[in-house]
Amino acid sequence: MWNRKKDDDFGLAKPVAGPPAPSELAKEGIPMSTLPGRSSSSGASSSEPHYEPTRNAVLGKSVIVKGQIYSREDLTIDGEVEGTVELQEHRLTIGPNGKVRASVKARELVVLGTIHGDVETTDKIDIRKEAKLVGDIKTARIVIEDGAYFKGNIDIVRPEAARPTAVPTPKPAASVTPAASSSASAAGSGPAVAAAADSKR
Amino acid sequence: METRNSNGLGQFCSSLEEREGLSVLDLAGLNQQTVSFITNQGHRLYSDDFLLQLDQCFGKGNFYQDQTDPKLMDKFLKATLDFPDQSFDGALVWDVLEYLAPPLLSAVVSKLYRILRPGSCLLAVFHAEEREAVTAYSYRIFDQRNIQMAVRGERRPAQFFNNRSLERLFQDFDSVKFFLTRDHLREVIVRR
């Protein structure tokens with residue numbers, strides 16, 4: 001359920017301990033975060049299993065989210081998302097198995113999977129060779145690997161012209177399908193989903 | 001990857017120098033060089049891989065015969081060139097027109113005419129030598145006067161064009177200019 005080798009390829013941190021309790025993951029609308037404050041430093045007793053926080057939140061490859069995702073930390077999506085994804089101040093990575101049908105806003109975006117939807121970043125978009133992106137791009141910088149498929153408009157917004165973006169308020173809870181629970185736990189941490197012519201010459 | 005001088009590209013780029021914020025259509029598929037060149041000049045780029053779309057739409061059956069099917073033609077045009085009239089200030093068409101059967105070719109050129117603004121330029125490349133199969137390339141802009149060409153395999157062209165047939169093909173446009181380059185490639189600059 002958890003392909004460590006693949007995940008390492010796109011910079012995911014390995015979960016050191018086991019997944020969080022299923023009861024935590026099943027609760028819709030409850031913010032799930034990998035921020036340090038909520039794990040080992042949250043006053044867990046020594047009898048509880050040691051839990052090391054990962055560097056960013058992950059939606060595993062069997063997770064399906066329909067709704068709005070808002071994150072206050074870096075997020076990797078290796079599952080399926082339909083709706084909107086906003087990480088205004090953070091980096092979003094669409095993993096090789098990731099299929100996103102959504103408008104995406106982030107500070108930085110790395111695409112190894114598929115995105116159908118308009119994408120806006122304040123810093124950089126990195127499109128890797130196996131990526132498929134259909135939609136319009138608005139960004140300050142773009143890095144493209146040969147082999148990627150893209151169909152859409154590319155509009156480079158120069159930094160001096162870019163205005164600071166306001167931090168949007170968190171959106172209502174996303175609906176996470178039952179399939180989500182197993183791989184959300186597989187990710188090793190709860191994602192920071194604040195909601196959930198004539199031819200001859 | 002081969003880099004070569006391109007007079008056609010030089011003319012095309014000159015047409016974009018007047019002001020910033022122009023919209024350019026590139027049918028070669030996504031590549032860093034063209035994206036950087038066009039966007040560094042302050043323009044917007046619309047990118048699509050026209051040959052890939054062509055293969056996806058007509059590659060399952062008889063490639064050229066299917067291109068005469070009105071339903072498939074319509075589907076293809078909607079998938080590739082479904083833009084409002086006069087949406088673009090320039091079009092980098094490269095060699096894709098060589099692989100279109102006459103009915104589809106005519107529809108595509110007509111659509112290109114509609115989506116380009118008056119005065120804008122279209123850059124296309126055609127093989128000047130008649131052969132069974134020709135080398136298809138992935139074209140990128142290296143700089144104002146040089147293009148990079150990456151081989152994309154051999155393909156059988158639908159037809160060959162001489163200067164007169166190219167003039168007929170772009171008869172609705174304002175002007176057609178030819179540049180014969182190395183390897184029997186003919187660059188064509190067409191002004192809307």
# chains A, B, ... in the order shown; residues from 1 in each chain; ligands from 1
>>> interface_residues(of="chain A", to="chain B", cutoff="10 Å", atoms="only C-alpha atoms", output="VMD selection string")
chain A and resid 127 134 136 to 138 141 to 158 197 to 201
>>> residues_around(residues="stretch 3-16 of chain B", least_positions_apart="3", cutoff="6 Å", atoms="only C-alpha atoms", output="list in words")
Gln144, Arg145, Asn146, Ile147, Gln148, Glu187 and Ile189 of chain B
>>> atom_distance(atom1="atom CA of A:Glu108", atom2="atom CA of A:Asp126")
8.0 Å
>>> residues_around(residues="B:Asp95", least_positions_apart="5", cutoff="9 Å", atoms="only C-alpha atoms", output="ChimeraX atom specification")
/B:28,124-127,136-139
>>> closest_atom_pairs(of="stretch 112-143 of chain A", to="stretch 79-99 of chain A", cutoff="9 Å", atoms="only C-alpha atoms", output="CSV")
residue,atom,partner,partner_atom,distance
A:Leu112,CA,A:Pro96,CA,4.8
A:Gly113,CA,A:Pro96,CA,4.3
A:Thr114,CA,A:Lys99,CA,4.8
A:Ile115,CA,A:Lys99,CA,6.0
A:His116,CA,A:Lys99,CA,8.1
A:Thr121,CA,A:Gln88,CA,7.8
A:Thr122,CA,A:Gln88,CA,7.9
A:Glu130,CA,A:Pro96,CA,7.7
A:Ala131,CA,A:Pro96,CA,7.7
>>> write_last_selection(atoms="N, CA and C atoms", output="short mmCIF file (atom, residue, chain, number, x, y, z; two decimals), in the first residue's frame")
data_model
loop_
_atom_site.label_atom_id
_atom_site.label_comp_id
_atom_site.auth_asym_id
_atom_site.auth_seq_id
_atom_site.Cartn_x
_atom_site.Cartn_y
_atom_site.Cartn_z
N LEU A 112 4.17 15.64 -11.48
CA LEU A 112 4.64 14.38 -12.04
C LEU A 112 3.46 13.55 -12.56
N GLY A 113 2.29 13.90 -12.12
CA GLY A 113 1.08 13.20 -12.51
C GLY A 113 0.23 14.00 -13.48
N THR A 114 -1.07 13.99 -13.25
CA THR A 114 -2.00 14.62 -14.20
C THR A 114 -2.82 15.72 -13.54
N ILE A 115 -2.94 16.83 -14.23
CA ILE A 115 -3.82 17.91 -13.77
C ILE A 115 -4.71 18.35 -14.91
N HIS A 116 -6.00 18.37 -14.65
CA HIS A 116 -6.96 18.98 -15.57
C HIS A 116 -7.54 20.17 -14.82
N THR A 121 0.44 29.86 -9.73
CA THR A 121 1.43 29.83 -8.65
C THR A 121 2.09 31.21 -8.55
N THR A 122 2.49 31.54 -7.34
CA THR A 122 3.14 32.84 -7.14
C THR A 122 4.64 32.73 -7.39
N GLU A 130 6.91 12.97 -17.21
CA GLU A 130 5.73 12.11 -17.36
C GLU A 130 4.44 12.86 -17.09
N ALA A 131 4.56 14.14 -16.81
CA ALA A 131 3.38 14.90 -16.40
C ALA A 131 2.43 15.18 -17.55
#
>>> residues_around(residues="B:Leu81", least_positions_apart="2", cutoff="10 Å", atoms="only C-alpha atoms", output="ChimeraX atom specification")
/B:25,27,48,50,76-79,83-84,108,111-112,115
>>> select_by_dssp(residues="chain B", states="helix (DSSP H, G or I)", output="JSON, numbers by chain")
{"B": [7, 8, 9, 10, 11, 12, 13, 14, 32, 33, 34, 35, 36, 37, 38, 39, 40, 50, 51, 52, 53, 54, 55, 56, 57, 58, 63, 64, 65, 66, 70, 71, 72, 73, 74, 75, 76, 77, 78, 79, 80, 96, 97, 98, 99, 102, 103, 104, 105, 106, 107, 108, 109, 110, 111, 112, 113, 114, 115, 163, 164, 165, 166, 167, 168, 169, 182, 183, 184]}
>>> select_by_dssp(residues="stretch 60-150 of chain B", states="strand (DSSP E)", output="JSON, numbers by chain")
{"B": [88, 89, 90, 91, 92, 93, 94, 116, 117, 118, 119, 120, 121, 122, 123, 124, 125, 126, 127, 134, 135, 136, 137, 138, 139, 140, 141, 142, 143, 146, 147, 148, 149, 150]}
>>> atom_distance(atom1="atom CA of B:Pro103", atom2="atom CA of B:Leu72")
11.6 Å
>>> atom_distance(atom1="atom CA of A:Ser71", atom2="atom CA of A:Arg107")
11.4 Å
>>> residues_around(residues="stretch 172-175 of chain B", least_positions_apart="4", cutoff="7 Å", atoms="only C-alpha atoms", output="MDAnalysis selection string")
chainID B and resid 190:192
>>> write_last_selection(atoms="N, CA and C atoms", output="tab-separated table (two decimals), in the first residue's frame")
chain	number	residue	atom	x	y	z
B	190	VAL	N	3.52	33.38	-43.48
B	190	VAL	CA	2.24	33.81	-44.05
B	190	VAL	C	1.71	34.95	-43.18
B	191	ARG	N	1.33	36.02	-43.83
B	191	ARG	CA	0.77	37.15	-43.07
B	191	ARG	C	-0.75	37.22	-43.28
B	192	ARG	N	-1.42	37.28	-42.15
B	192	ARG	CA	-2.89	37.32	-42.18
B	192	ARG	C	-3.34	38.69	-42.65
